[in-house]
Each structure stands twice: as structure tokens, then as C-alpha cells.
>>> print(open('entry-v9.pdb').read())   # PDB, C-alpha atoms and all ligand atoms
ATOM      1  CA  MET J   7     166.292 -53.254 312.584
ATOM      2  CA  PRO J   8     167.155 -50.620 315.291
ATOM      3  CA  ARG J   9     165.299 -47.353 314.629
ATOM      4  CA  ALA J  10     168.433 -45.350 313.854
ATOM      5  CA  ASP J  11     169.244 -47.572 310.881
ATOM      6  CA  ARG J  12     165.714 -47.681 309.437
ATOM      7  CA  PRO J  13     165.400 -45.587 306.206
ATOM      8  CA  SER J  14     162.998 -42.669 306.608
ATOM      9  CA  ALA J  15     159.679 -43.046 304.726
ATOM     10  CA  LEU J  16     159.924 -41.618 301.227
ATOM     11  CA  PRO J  17     157.999 -38.297 300.967
ATOM     12  CA  LEU J  18     154.658 -38.590 299.148
ATOM     13  CA  SER J  19     155.992 -36.149 296.606
ATOM     14  CA  PRO J  20     159.388 -34.583 296.157
ATOM     15  CA  THR J  21     158.411 -31.246 297.633
ATOM     16  CA  GLY J  22     155.263 -31.729 299.686
ATOM     17  CA  PRO J  23     151.649 -30.870 298.768
ATOM     18  CA  GLN J  24     150.939 -29.949 295.137
ATOM     19  CA  PRO J  25     148.022 -28.429 293.128
ATOM     20  CA  LEU J  26     144.834 -30.514 292.970
ATOM     21  CA  VAL J  27     142.372 -30.613 290.051
ATOM     22  CA  ASP J  28     138.913 -32.172 290.301
ATOM     23  CA  ILE J  29     136.133 -32.692 287.742
ATOM     24  CA  SER J  30     132.615 -32.828 289.195
ATOM     25  CA  GLU J  31     130.623 -36.068 289.057
ATOM     26  CA  ASP J  32     128.227 -34.595 286.476
ATOM     27  CA  ASN J  33     131.189 -33.352 284.402
ATOM     28  CA  SER J  34     129.874 -29.794 284.554
ATOM     29  CA  LYS J  35     132.598 -28.112 286.611
ATOM     30  CA  VAL J  36     136.384 -28.184 287.031
ATOM     31  CA  THR J  37     137.902 -27.138 290.349
ATOM     32  CA  ALA J  38     141.585 -26.472 291.025
ATOM     33  CA  SER J  39     143.207 -25.698 294.356
ATOM     34  CA  LEU J  40     146.702 -24.946 295.561
ATOM     35  CA  PRO J  41     148.418 -25.891 298.823
ATOM     36  CA  SER J  42     148.259 -22.164 299.696
ATOM     37  CA  GLY J  43     144.429 -22.400 299.755
ATOM     38  CA  ASP J  44     143.873 -20.541 296.469
ATOM     39  CA  ARG J  45     141.018 -22.110 294.521
ATOM     40  CA  VAL J  46     139.165 -21.618 291.244
ATOM     41  CA  GLU J  47     135.948 -23.149 289.873
ATOM     42  CA  ILE J  48     135.039 -23.168 286.179
ATOM     43  CA  LEU J  49     131.751 -24.302 284.638
ATOM     44  CA  LEU J  50     132.034 -26.023 281.257
ATOM     45  CA  HIS J  51     128.966 -23.917 280.406
ATOM     46  CA  GLY J  52     130.574 -20.908 278.803
ATOM     47  CA  ALA J  53     133.944 -21.883 280.392
ATOM     48  CA  THR J  54     132.690 -19.462 283.009
ATOM     49  CA  VAL J  55     134.924 -18.951 286.028
ATOM     50  CA  ILE J  56     132.328 -18.813 288.819
ATOM     51  CA  SER J  57     134.637 -18.649 291.822
ATOM     52  CA  TRP J  58     138.185 -17.496 292.567
ATOM     53  CA  LYS J  59     139.431 -17.619 296.176
ATOM     54  CA  GLY J  60     142.748 -16.249 297.339
ATOM     55  CA  PRO J  61     145.040 -17.747 299.992
ATOM     56  CA  ASN J  62     142.771 -16.524 302.807
ATOM     57  CA  ASN J  63     139.839 -18.362 301.244
ATOM     58  CA  ALA J  64     137.917 -15.125 300.580
ATOM     59  CA  GLU J  65     135.812 -15.047 297.395
ATOM     60  CA  LYS J  66     137.197 -12.555 294.879
ATOM     61  CA  LEU J  67     134.486 -12.715 292.207
ATOM     62  CA  PHE J  68     130.827 -11.648 292.386
ATOM     63  CA  LEU J  69     128.314 -14.325 291.458
ATOM     64  CA  SER J  70     124.653 -13.365 291.533
ATOM     65  CA  SER J  71     122.625 -15.399 294.029
ATOM     66  CA  LYS J  72     120.119 -15.824 291.182
ATOM     67  CA  ALA J  73     122.671 -16.778 288.526
ATOM     68  CA  ALA J  74     121.582 -19.678 286.321
ATOM     69  CA  LEU J  75     124.305 -22.355 286.768
ATOM     70  CA  ASP J  76     122.420 -25.095 284.920
ATOM     71  CA  GLY J  77     123.466 -24.076 281.422
ATOM     72  CA  SER J  78     120.110 -22.468 280.648
ATOM     73  CA  LYS J  79     121.543 -18.981 280.107
ATOM     74  CA  ALA J  80     124.675 -16.873 280.489
ATOM     75  CA  VAL J  81     125.985 -16.844 284.066
ATOM     76  CA  ARG J  82     125.328 -13.549 285.861
ATOM     77  CA  GLY J  83     128.715 -13.071 287.468
ATOM     78  CA  GLY J  84     132.167 -14.628 287.533
ATOM     79  CA  ILE J  85     134.014 -14.223 284.212
ATOM     80  CA  PRO J  86     131.724 -14.719 281.189
ATOM     81  CA  VAL J  87     133.631 -15.025 277.877
ATOM     82  CA  VAL J  88     132.406 -12.604 275.218
ATOM     83  CA  PHE J  89     132.980 -13.747 271.585
ATOM     84  CA  PRO J  90     132.588 -13.149 268.602
ATOM     85  CA  VAL J  91     130.837  -9.856 269.375
ATOM     86  CA  PHE J  92     130.782  -7.504 272.352
ATOM     87  CA  GLY J  93     127.522  -5.746 273.128
ATOM     88  CA  PRO J  94     124.454  -5.692 270.932
ATOM     89  CA  PRO J  95     125.709  -6.785 267.460
ATOM     90  CA  PRO J  96     125.701  -4.118 264.769
ATOM     91  CA  LYS J  97     123.063  -4.256 262.039
ATOM     92  CA  ASP J  98     124.070  -5.500 258.574
ATOM     93  CA  HIS J  99     127.059  -7.368 259.980
ATOM     94  CA  ALA J 100     128.063 -11.043 260.048
ATOM     95  CA  THR J 101     127.257 -11.050 263.786
ATOM     96  CA  SER J 102     123.983  -9.145 263.539
ATOM     97  CA  THR J 103     121.731 -12.145 264.313
ATOM     98  CA  LEU J 104     123.769 -13.229 267.353
ATOM     99  CA  PRO J 105     122.661 -12.425 270.907
ATOM    100  CA  GLN J 106     124.362  -9.622 272.850
ATOM    101  CA  HIS J 107     127.940 -10.651 273.756
ATOM    102  CA  GLY J 108     127.878 -13.577 271.318
ATOM    103  CA  PHE J 109     127.582 -17.354 271.848
ATOM    104  CA  ALA J 110     130.814 -18.292 273.701
ATOM    105  CA  ARG J 111     129.346 -17.667 277.160
ATOM    106  CA  THR J 112     126.313 -19.848 276.479
ATOM    107  CA  SER J 113     128.049 -22.742 274.707
ATOM    108  CA  ARG J 114     129.317 -25.955 276.309
ATOM    109  CA  TRP J 115     133.110 -25.964 276.208
ATOM    110  CA  GLU J 116     135.338 -28.973 276.649
ATOM    111  CA  TYR J 117     138.004 -29.353 279.324
ATOM    112  CA  LEU J 118     141.319 -29.958 277.566
ATOM    113  CA  GLY J 119     143.480 -30.666 280.613
ATOM    114  CA  LYS J 120     145.867 -29.193 283.150
ATOM    115  CA  THR J 121     149.473 -28.217 283.477
ATOM    116  CA  SER J 122     150.812 -27.981 287.000
ATOM    117  CA  SER J 123     154.039 -26.295 287.841
ATOM    118  CA  GLU J 124     155.121 -28.088 290.962
ATOM    119  CA  SER J 125     156.569 -26.188 293.812
ATOM    120  CA  THR J 126     160.330 -26.066 293.710
ATOM    121  CA  SER J 127     160.470 -24.937 297.293
ATOM    122  CA  THR J 128     161.163 -27.471 300.003
ATOM    123  CA  ARG J 129     159.907 -25.034 302.636
ATOM    124  CA  SER J 130     156.471 -24.205 301.304
ATOM    125  CA  ALA J 131     154.453 -24.726 298.151
ATOM    126  CA  LEU J 132     153.655 -21.039 297.702
ATOM    127  CA  ASP J 133     155.147 -21.010 294.208
ATOM    128  CA  SER J 134     153.044 -23.818 292.826
ATOM    129  CA  SER J 135     150.501 -23.017 290.122
ATOM    130  CA  VAL J 136     148.119 -24.828 287.811
ATOM    131  CA  LYS J 137     146.889 -23.967 284.309
ATOM    132  CA  LEU J 138     143.537 -25.315 283.111
ATOM    133  CA  ASP J 139     142.726 -25.296 279.377
ATOM    134  CA  PHE J 140     139.280 -25.246 277.795
ATOM    135  CA  GLY J 141     138.280 -25.421 274.121
ATOM    136  CA  LEU J 142     135.381 -24.397 271.908
ATOM    137  CA  SER J 143     135.159 -24.808 268.145
ATOM    138  CA  ASN J 144     132.516 -24.289 265.486
ATOM    139  CA  ASP J 145     131.634 -28.006 265.337
ATOM    140  CA  MET J 146     130.614 -27.832 269.011
ATOM    141  CA  LEU J 147     128.071 -25.059 268.515
ATOM    142  CA  SER J 148     124.330 -25.537 268.408
ATOM    143  CA  GLU J 149     122.827 -25.767 264.934
ATOM    144  CA  ALA J 150     121.167 -22.399 265.528
ATOM    145  CA  ASP J 151     124.411 -20.653 266.458
ATOM    146  CA  ARG J 152     126.286 -22.258 263.554
ATOM    147  CA  LYS J 153     123.632 -20.923 261.179
ATOM    148  CA  LYS J 154     123.889 -17.428 262.676
ATOM    149  CA  TRP J 155     127.696 -17.331 262.379
ATOM    150  CA  PRO J 156     128.865 -19.973 259.871
ATOM    151  CA  HIS J 157     132.619 -19.567 260.312
ATOM    152  CA  ASP J 158     135.349 -22.069 261.230
ATOM    153  CA  PHE J 159     137.052 -21.159 264.491
ATOM    154  CA  GLY J 160     138.875 -22.647 267.472
ATOM    155  CA  LEU J 161     139.087 -21.032 270.927
ATOM    156  CA  THR J 162     141.558 -22.118 273.590
ATOM    157  CA  TYR J 163     140.880 -20.545 276.970
ATOM    158  CA  SER J 164     143.459 -20.872 279.733
ATOM    159  CA  ILE J 165     142.954 -20.187 283.437
ATOM    160  CA  THR J 166     146.148 -20.050 285.488
ATOM    161  CA  LEU J 167     145.820 -20.155 289.277
ATOM    162  CA  SER J 168     148.833 -19.192 291.358
ATOM    163  CA  THR J 169     149.142 -17.872 294.870
ATOM    164  CA  GLY J 170     147.252 -14.586 295.068
ATOM    165  CA  GLU J 171     146.819 -14.351 291.297
ATOM    166  CA  LEU J 172     144.485 -15.446 288.513
ATOM    167  CA  GLY J 173     145.628 -15.406 284.890
ATOM    168  CA  VAL J 174     143.067 -15.573 282.064
ATOM    169  CA  SER J 175     144.085 -15.949 278.434
ATOM    170  CA  LEU J 176     142.085 -16.506 275.245
ATOM    171  CA  GLU J 177     143.531 -17.716 271.953
ATOM    172  CA  ILE J 178     141.291 -17.265 268.923
ATOM    173  CA  LYS J 179     142.113 -19.137 265.690
ATOM    174  CA  ASN J 180     140.534 -18.936 262.259
ATOM    175  CA  THR J 181     140.617 -22.622 261.338
ATOM    176  CA  GLY J 182     138.988 -22.062 257.978
ATOM    177  CA  GLU J 183     140.123 -20.482 254.733
ATOM    178  CA  LYS J 184     137.802 -17.462 254.635
ATOM    179  CA  ALA J 185     138.580 -14.378 256.733
ATOM    180  CA  TRP J 186     136.162 -13.286 259.463
ATOM    181  CA  GLU J 187     136.162 -10.608 262.128
ATOM    182  CA  PHE J 188     135.372 -10.475 265.859
ATOM    183  CA  THR J 189     135.392  -8.452 269.032
ATOM    184  CA  THR J 190     136.054 -10.164 272.349
ATOM    185  CA  LEU J 191     136.084  -9.373 276.083
ATOM    186  CA  LEU J 192     136.396 -11.075 279.461
ATOM    187  CA  HIS J 193     133.388  -9.819 281.420
ATOM    188  CA  THR J 194     134.853 -10.048 284.915
ATOM    189  CA  TYR J 195     132.648  -9.317 287.937
ATOM    190  CA  PHE J 196     135.080  -8.462 290.761
ATOM    191  CA  ARG J 197     133.764  -8.704 294.306
ATOM    192  CA  ILE J 198     134.283  -5.614 296.464
ATOM    193  CA  GLN J 199     132.968  -4.536 299.871
ATOM    194  CA  ASP J 200     131.201  -1.278 299.008
ATOM    195  CA  ILE J 201     131.002   0.291 295.528
ATOM    196  CA  SER J 202     130.661   3.753 297.060
ATOM    197  CA  LYS J 203     134.198   3.404 298.459
ATOM    198  CA  VAL J 204     135.756   2.058 295.238
ATOM    199  CA  SER J 205     138.060   4.028 292.962
ATOM    200  CA  ILE J 206     139.734   2.742 289.828
ATOM    201  CA  THR J 207     143.083   4.125 288.703
ATOM    202  CA  GLY J 208     145.002   3.563 285.486
ATOM    203  CA  LEU J 209     142.342   4.814 283.076
ATOM    204  CA  GLU J 210     142.569   8.501 283.961
ATOM    205  CA  PRO J 211     144.393   9.451 280.736
ATOM    206  CA  THR J 212     142.063   7.448 278.488
ATOM    207  CA  ALA J 213     139.095   8.697 276.489
ATOM    208  CA  TYR J 214     135.948   6.603 276.778
ATOM    209  CA  ILE J 215     132.469   6.010 275.431
ATOM    210  CA  ASP J 216     129.849   6.678 278.097
ATOM    211  CA  LYS J 217     127.063   4.202 277.392
ATOM    212  CA  VAL J 218     124.964   5.687 280.184
ATOM    213  CA  GLY J 219     125.306   9.031 278.501
ATOM    214  CA  GLY J 220     123.871   7.623 275.274
ATOM    215  CA  ALA J 221     127.182   6.332 273.915
ATOM    216  CA  ALA J 222     128.710   9.775 273.969
ATOM    217  CA  GLN J 223     132.477  10.006 273.357
ATOM    218  CA  LYS J 224     134.038  11.560 276.457
ATOM    219  CA  SER J 225     137.545  12.911 276.825
ATOM    220  CA  ALA J 226     139.889  11.554 279.475
ATOM    221  CA  ALA J 227     138.589  12.355 282.956
ATOM    222  CA  GLY J 228     142.107  12.853 284.338
ATOM    223  CA  SER J 229     141.031  11.454 287.711
ATOM    224  CA  PRO J 230     140.260   7.999 289.140
ATOM    225  CA  ILE J 231     136.849   6.490 288.387
ATOM    226  CA  THR J 232     134.438   6.606 291.330
ATOM    227  CA  PHE J 233     130.835   5.418 291.459
ATOM    228  CA  SER J 234     127.635   7.217 292.436
ATOM    229  CA  GLY J 235     125.183   5.755 289.945
ATOM    230  CA  GLU J 236     124.879   3.392 286.960
ATOM    231  CA  THR J 237     128.259   3.365 285.238
ATOM    232  CA  ASP J 238     128.924   1.801 281.838
ATOM    233  CA  ARG J 239     132.080   3.031 280.110
ATOM    234  CA  VAL J 240     134.186   1.667 277.266
ATOM    235  CA  TYR J 241     137.821   2.817 277.551
ATOM    236  CA  THR J 242     139.902   2.260 274.418
ATOM    237  CA  ASP J 243     143.606   2.123 273.513
ATOM    238  CA  SER J 244     145.042   1.790 277.014
ATOM    239  CA  THR J 245     147.718  -0.656 278.133
ATOM    240  CA  ASN J 246     148.015   0.691 281.652
ATOM    241  CA  THR J 247     147.878  -1.437 284.754
ATOM    242  CA  ILE J 248     144.518  -0.919 286.428
ATOM    243  CA  LEU J 249     144.094  -0.774 290.191
ATOM    244  CA  VAL J 250     140.763  -1.374 291.907
ATOM    245  CA  LYS J 251     141.051   0.392 295.252
ATOM    246  CA  GLU J 252     138.776   0.474 298.278
ATOM    247  CA  GLY J 253     139.596   3.496 300.368
ATOM    248  CA  ASN J 254     143.408   3.710 300.301
ATOM    249  CA  SER J 255     144.095   0.015 299.840
ATOM    250  CA  THR J 256     144.365  -1.815 296.520
ATOM    251  CA  THR J 257     142.040  -4.779 296.235
ATOM    252  CA  PHE J 258     143.002  -5.897 292.707
ATOM    253  CA  GLU J 259     145.870  -5.112 290.352
ATOM    254  CA  ILE J 260     144.867  -5.912 286.768
ATOM    255  CA  VAL J 261     147.545  -6.276 284.089
ATOM    256  CA  ARG J 262     146.302  -6.787 280.548
ATOM    257  CA  ASP J 263     148.064  -8.476 277.640
ATOM    258  CA  GLY J 264     146.852  -7.744 274.130
ATOM    259  CA  MET J 265     143.487  -6.472 275.382
ATOM    260  CA  ASN J 266     143.895  -2.709 275.070
ATOM    261  CA  ASP J 267     140.276  -1.821 275.734
ATOM    262  CA  CYS J 268     138.503  -1.992 279.071
ATOM    263  CA  VAL J 269     134.854  -1.756 280.061
ATOM    264  CA  VAL J 270     133.939  -0.520 283.545
ATOM    265  CA  TRP J 271     130.382  -1.346 284.609
ATOM    266  CA  ASN J 272     128.187  -1.154 287.641
ATOM    267  CA  PRO J 273     124.416  -1.432 287.061
ATOM    268  CA  TRP J 274     123.501   0.394 290.313
ATOM    269  CA  SER J 275     120.123  -0.207 291.938
ATOM    270  CA  GLU J 276     117.600   0.369 289.152
ATOM    271  CA  LYS J 277     119.377  -1.587 286.383
ATOM    272  CA  ALA J 278     120.165  -4.382 288.854
ATOM    273  CA  ALA J 279     116.480  -4.589 289.798
ATOM    274  CA  SER J 280     115.601  -4.910 286.112
ATOM    275  CA  MET J 281     117.720  -8.069 285.702
ATOM    276  CA  SER J 282     115.762 -11.139 286.811
ATOM    277  CA  ASP J 283     118.971 -13.098 287.466
ATOM    278  CA  PHE J 284     120.614 -10.388 289.591
ATOM    279  CA  GLY J 285     120.596 -11.013 293.325
ATOM    280  CA  PRO J 286     120.586 -10.132 296.103
ATOM    281  CA  SER J 287     118.755  -6.883 295.310
ATOM    282  CA  ASP J 288     121.571  -4.809 296.837
ATOM    283  CA  GLY J 289     124.290  -6.998 295.364
ATOM    284  CA  TRP J 290     125.290  -4.189 293.018
ATOM    285  CA  LYS J 291     127.025  -2.621 296.047
ATOM    286  CA  ASN J 292     129.449  -5.574 296.170
ATOM    287  CA  MET J 293     130.600  -5.788 292.580
ATOM    288  CA  VAL J 294     132.410  -3.869 289.908
ATOM    289  CA  CYS J 295     132.995  -5.151 286.387
ATOM    290  CA  VAL J 296     136.444  -4.367 284.995
ATOM    291  CA  GLU J 297     136.426  -6.091 281.634
ATOM    292  CA  ALA J 298     139.593  -6.491 279.585
ATOM    293  CA  GLY J 299     138.812  -6.785 275.901
ATOM    294  CA  ALA J 300     139.400  -5.902 272.268
ATOM    295  CA  VAL J 301     136.133  -4.136 271.478
ATOM    296  CA  LYS J 302     136.980  -0.771 269.897
ATOM    297  CA  GLU J 303     136.687  -2.201 266.401
ATOM    298  CA  PHE J 304     136.250  -5.578 264.764
ATOM    299  CA  LEU J 305     139.544  -7.459 264.356
ATOM    300  CA  LYS J 306     139.988  -9.425 261.143
ATOM    301  CA  LEU J 307     141.540 -12.912 261.115
ATOM    302  CA  GLU J 308     142.603 -14.413 257.800
ATOM    303  CA  GLY J 309     142.359 -18.182 257.359
ATOM    304  CA  GLY J 310     144.880 -19.908 259.653
ATOM    305  CA  GLU J 311     145.636 -16.754 261.654
ATOM    306  CA  THR J 312     145.552 -16.619 265.446
ATOM    307  CA  TRP J 313     144.959 -13.817 267.963
ATOM    308  CA  GLN J 314     145.670 -13.967 271.691
ATOM    309  CA  GLY J 315     144.842 -11.713 274.631
ATOM    310  CA  GLY J 316     144.129 -11.830 278.338
ATOM    311  CA  PHE J 317     144.797 -10.388 281.758
ATOM    312  CA  ARG J 318     146.024 -11.330 285.177
ATOM    313  CA  ALA J 319     144.441 -10.119 288.412
ATOM    314  CA  ARG J 320     146.704  -9.999 291.441
ATOM    315  CA  LEU J 321     145.761  -9.667 295.086
ATOM    316  CA  PRO J 322     147.767  -7.438 297.397
ATOM    317  CA  GLY J 323     150.844  -9.231 298.673
ATOM    318  CA  ALA J 324     150.790 -11.790 295.859
ATOM    319  CA  VAL J 325     154.043 -13.697 295.536
ATOM    320  CA  ASP J 326     156.288 -11.800 293.116
ATOM    321  CA  ASP J 327     157.631 -13.510 290.040
TER     322      ASP J 327
HETATM  323  O1  LIG D 401     129.906  -4.869 279.877
HETATM  324  C1  LIG D 401     128.874  -3.982 280.202
HETATM  325  C2  LIG D 401     127.622  -4.403 279.461
HETATM  326  O2  LIG D 401     127.815  -4.331 278.069
HETATM  327  C3  LIG D 401     126.475  -3.523 279.951
HETATM  328  O3  LIG D 401     126.042  -2.642 278.939
HETATM  329  C4  LIG D 401     125.407  -4.543 280.353
HETATM  330  O4  LIG D 401     124.585  -4.855 279.250
HETATM  331  C5  LIG D 401     126.293  -5.716 280.780
HETATM  332  O5  LIG D 401     127.290  -5.767 279.766
HETATM  333  C6  LIG D 401     125.580  -7.015 281.006
HETATM  334  O6  LIG D 401     125.172  -7.557 279.783
HETATM  335  P1  LIG D 401     124.361  -8.974 279.842
HETATM  336  O7  LIG D 401     124.111  -9.332 278.405
HETATM  337  O8  LIG D 401     125.250  -9.945 280.554
HETATM  338  O9  LIG D 401     123.121  -8.688 280.645
END
>>> encode(input="entry-v9.pdb", output="C-alpha cells")
Amino acid sequence: MPRADRPSALPLSPTGPQPLVDISEDNSKVTASLPSGDRVEILLHGATVISWKGPNNAEKLFLSSKAALDGSKAVRGGIPVVFPVFGPPPKDHATSTLPQHGFARTSRWEYLGKTSSESTSTRSALDSSVKLDFGLSNDMLSEADRKKWPHDFGLTYSITLSTGELGVSLEIKNTGEKAWEFTTLLHTYFRIQDISKVSITGLEPTAYIDKVGGAAQKSAAGSPITFSGETDRVYTDSTNTILVKEGNSTTFEIVRDGMNDCVVWNPWSEKAASMSDFGPSDGWKNMVCVEAGAVKEFLKLEGGETWQGGFRARLPGAVDD
């Protein structure tokens, strides 16, 4: 058949390259990547996001060089999931025998699957995205954890990777009949170049608890947060968009949904040196935790009720909706 009349080869897919999802051989990690180069890695241990790379392949999260990635303890870095209690649990409370930040970040979650939204563009696949779902329920907990917090629950944790943006959403369901209460937070370690050049805007009008100042209640600072020492602040009742800036440029835009509290943390040199799984020793200069959560007070869920919250972090120049 003369060339001109030969049908062209059918494209591999209707609109070119699409999102890819891979599960590691040892079934410990799920990786997703987009045609734009964006990539995310999630350990089933704690459903901990341990890496998020934008379109230029630069790492956007801080992961300690000494982080335990073998499931032996909470991961130092990435996005640990805090549930059912943030911080050291209060005394005489249903969570009081749990470890700090609860059991979600040290439990083995299950991978529930993916949803890809294929690119509709014929020119490029910049609008493709992929959502990965993970689950944890009471029947998956260790015997010890179930004894410490004997309540029926189901968590569905969704990570949505799109070009220049990471969405993180947690749905919490009381699958039993008896009410229980929780606090929750996404303990995100953002990677930055130099903490001394970082400022955080969006929380200026918000009062906060200064945990470095002995949990003193402080009034709104009225100015961006900057860092010159250990910083550990719990901002409450704020729905503002938060910008993490380095010099005059914005490195991350953080939009929260249903998580109206936010913790800002940098351990600085001394506290970092006291953590055996924190490395390198000067790594505290390259990270800032901006942690969306619901931590101001315990939230009560009646049997069958559900709560949902999350955030999305966008890189400068991310594709608009
Ligand atoms: O989110 C800030 C914080 O509560 C700090 O007080 C510090 O304890 C940090 O979490 C790390 O906690 P971890 O249990 O992961 O060592």
C-alpha cells in the first residue's frame, strides 16, 4: 500500500502521556508521577508522604537523612499524619495513654487505589492529575494501640498530585455507635533554602500559643513570622491562605480546607541536635513545618458521623484551575 494511503498508527493513548502509579516490590511505598515531571512518594507506614517533587524535579519536602523509613518509628520529615491526638495527650482523657501525636503515623495503612484525571489537552499533559487513597481502621491497629484507644474508626487519606500542586485530605469516620473525640493535624515539613530568610504571611492577625514560651497565649503579632531561634506556635481559628516566602519570592502557597488551626515549627540547632533521627545536623536551616490541623479543642464525632479536612500546597506558577 503506497505510504500516502496507509492509516497513521493509532496513538498509544488519546491524548499522549498520562499519570503513572507504581507500587514498590516490597509493597511498602506507592509512587505517582505526571508527564510534567511532578512526583510523589508515600510510605504505607503512617501513609507518610516522604517526597514531593514539582515540575522541575526539585524536592519540596524535608526528609531527615536519619529518618527511619523501615516502619520502626514515626518518619522524621515529609507529612506525618497526626490522629487521634495532637501533641502530648492530656491526662485523664481517652487518649492519655497514647504516644505524642497518636498512632496514625506509626500504623501500617493500606493503599486503596488511584483515580487519574487524564489530560484533556492535545498539546500537553499539564492538566493531568492523580489521586491516591489510603485507609486505616481500628481493626488494622496493633493490639496495644487498640487497647489504648478502643474506638471504632475509619480514616481515608487522599493525596492528589497535579502540576505544581499537592492536595492532602483526611476523612475521619466514627464507624461505631459510641461517640469519641479527636484532634488531628498534617505535620508537613516543607523544604526551604535558608530558614533565616523565610517569612510566613497569612497568620499576622491570629492569636497563638507559644510553646517555646511555656505555652503562653500570645496576641496576634500583626507582622509576618520570621525565624531566629526555636519556634513552636499553635495558631487557632484562621482560614487565611498562608504564604511561605524566601526573601521576596513565594515558595509555597498553602490553602486549608476545614483545618482552621496551624502549627508553625522549627526546632533550630539545639532541639534538632537532641533528636536522634534528625539529620544532617544543620538540616534545621532547610525546613519549616507549617502544619494544617484541627487542634484547638477535641472534636466530637457521634456514631456514624464523618469529619473531613485538608490543605493544598501550590508552587509558584502552578497551573490555575
Ligand atoms: O508540631 C510541632 C511539635 O508538636 C513540636 O512541639 C515537636 O514536638 C514536633 O511536633 C515534633 O514532634 P515529634 O513527636 O515528631 O518529635
>>> resolve_selection(input="entry-v9.pdb", expression="the PyMOL selection byres (((chain J and resi 248) around 9) and not hetatm)", output="CSV table (one decimal) with C-alpha atoms, keeping the file's coordinate frame")
chain,number,residue,atom,x,y,z
J,206,ILE,CA,139.7,2.7,289.8
J,207,THR,CA,143.1,4.1,288.7
J,208,GLY,CA,145.0,3.6,285.5
J,209,LEU,CA,142.3,4.8,283.1
J,245,THR,CA,147.7,-0.7,278.1
J,246,ASN,CA,148.0,0.7,281.7
J,247,THR,CA,147.9,-1.4,284.8
J,249,LEU,CA,144.1,-0.8,290.2
J,250,VAL,CA,140.8,-1.4,291.9
J,258,PHE,CA,143.0,-5.9,292.7
J,259,GLU,CA,145.9,-5.1,290.4
J,260,ILE,CA,144.9,-5.9,286.8
J,261,VAL,CA,147.5,-6.3,284.1
J,262,ARG,CA,146.3,-6.8,280.5
J,296,VAL,CA,136.4,-4.4,285.0
>>> axis_aligned_box(input="entry-v9.pdb", around="ligand LIG 401 (chain D)", padding_each_side="3 Å", output="AutoDock Vina command-line options")
--center_x 126.5 --center_y -6.3 --center_z 279.5 --size_x 12.8 --size_y 13.3 --size_z 8.9
>>> closest_atom_pairs(input="entry-v9.pdb", of="chain J", to="ligand LIG 401 (chain D)", cutoff="7 Å", atoms="only C-alpha atoms and all ligand atoms", output="CSV")
residue,atom,partner,partner_atom,distance
J:Ala80,CA,D:LIG401,O8,7.0
J:Arg82,CA,D:LIG401,O8,6.4
J:Gly93,CA,D:LIG401,O2,5.1
J:Gln106,CA,D:LIG401,O7,5.6
J:His107,CA,D:LIG401,O7,6.2
J:His193,CA,D:LIG401,O1,6.2
J:Asp238,CA,D:LIG401,C1,6.0
J:Val269,CA,D:LIG401,O1,5.8
J:Val270,CA,D:LIG401,O1,7.0
J:Trp271,CA,D:LIG401,C1,5.4
J:Glu297,CA,D:LIG401,O1,6.9
>>> closest_residue(input="entry-v9.pdb", among="J:Gly315, J:Gly141, J:Pro273, J:Gly309", to="Glu187 of chain J", atoms="all atoms listed in the file")
J:Gly309
>>> closest_residue(input="entry-v9.pdb", among="J:Ala319, J:Ala278, J:Val87, J:Ala38", to="Ser135 of chain J", atoms="all atoms listed in the file")
J:Ala38
>>> closest_residue(input="entry-v9.pdb", among="J:Asn144, J:Phe92, J:Ile231, J:Arg320", to="Lys302 of chain J", atoms="only C-alpha atoms")
J:Phe92
>>> closest_residue(input="entry-v9.pdb", among="J:Phe233, J:Phe140, J:Trp115, J:Tyr241", to="Met293 of chain J", atoms="all atoms listed in the file")
J:Phe233
>>> closest_residue(input="entry-v9.pdb", among="J:Ala73, J:Leu138, J:Val218, J:Leu167", to="Trp58 of chain J", atoms="all atoms listed in the file")
J:Leu167
>>> resolve_selection(input="entry-v9.pdb", expression="the PyMOL selection byres (((chain J and resi 203) around 6) and not hetatm)", output="JSON, numbers by chain")
{"J": [200, 201, 202, 204, 252, 253]}
>>> resolve_selection(input="entry-v9.pdb", expression="the PyMOL selection byres (((chain J and resi 170) around 6) and not hetatm)", output="PyMOL selection string")
chain J and resi 60+169+171+320-321+324
>>> atom_distance(input="entry-v9.pdb", atom1="atom CA of Thr242 of chain J", atom2="atom CA of Ala222 of chain J")
13.5 Å
>>> atom_distance(input="entry-v9.pdb", atom1="atom CA of Thr237 of chain J", atom2="atom CA of Ile198 of chain J")
15.6 Å
>>> atom_distance(input="entry-v9.pdb", atom1="atom CA of Asp243 of chain J", atom2="atom CA of Trp313 of chain J")
16.9 Å
>>> residues_around(input="entry-v9.pdb", residues="segment 46-53 of chain J", least_positions_apart="3", cutoff="6 Å", atoms="all atoms listed in the file", output="ChimeraX atom specification")
/J:34-38,56-58,77,110-115
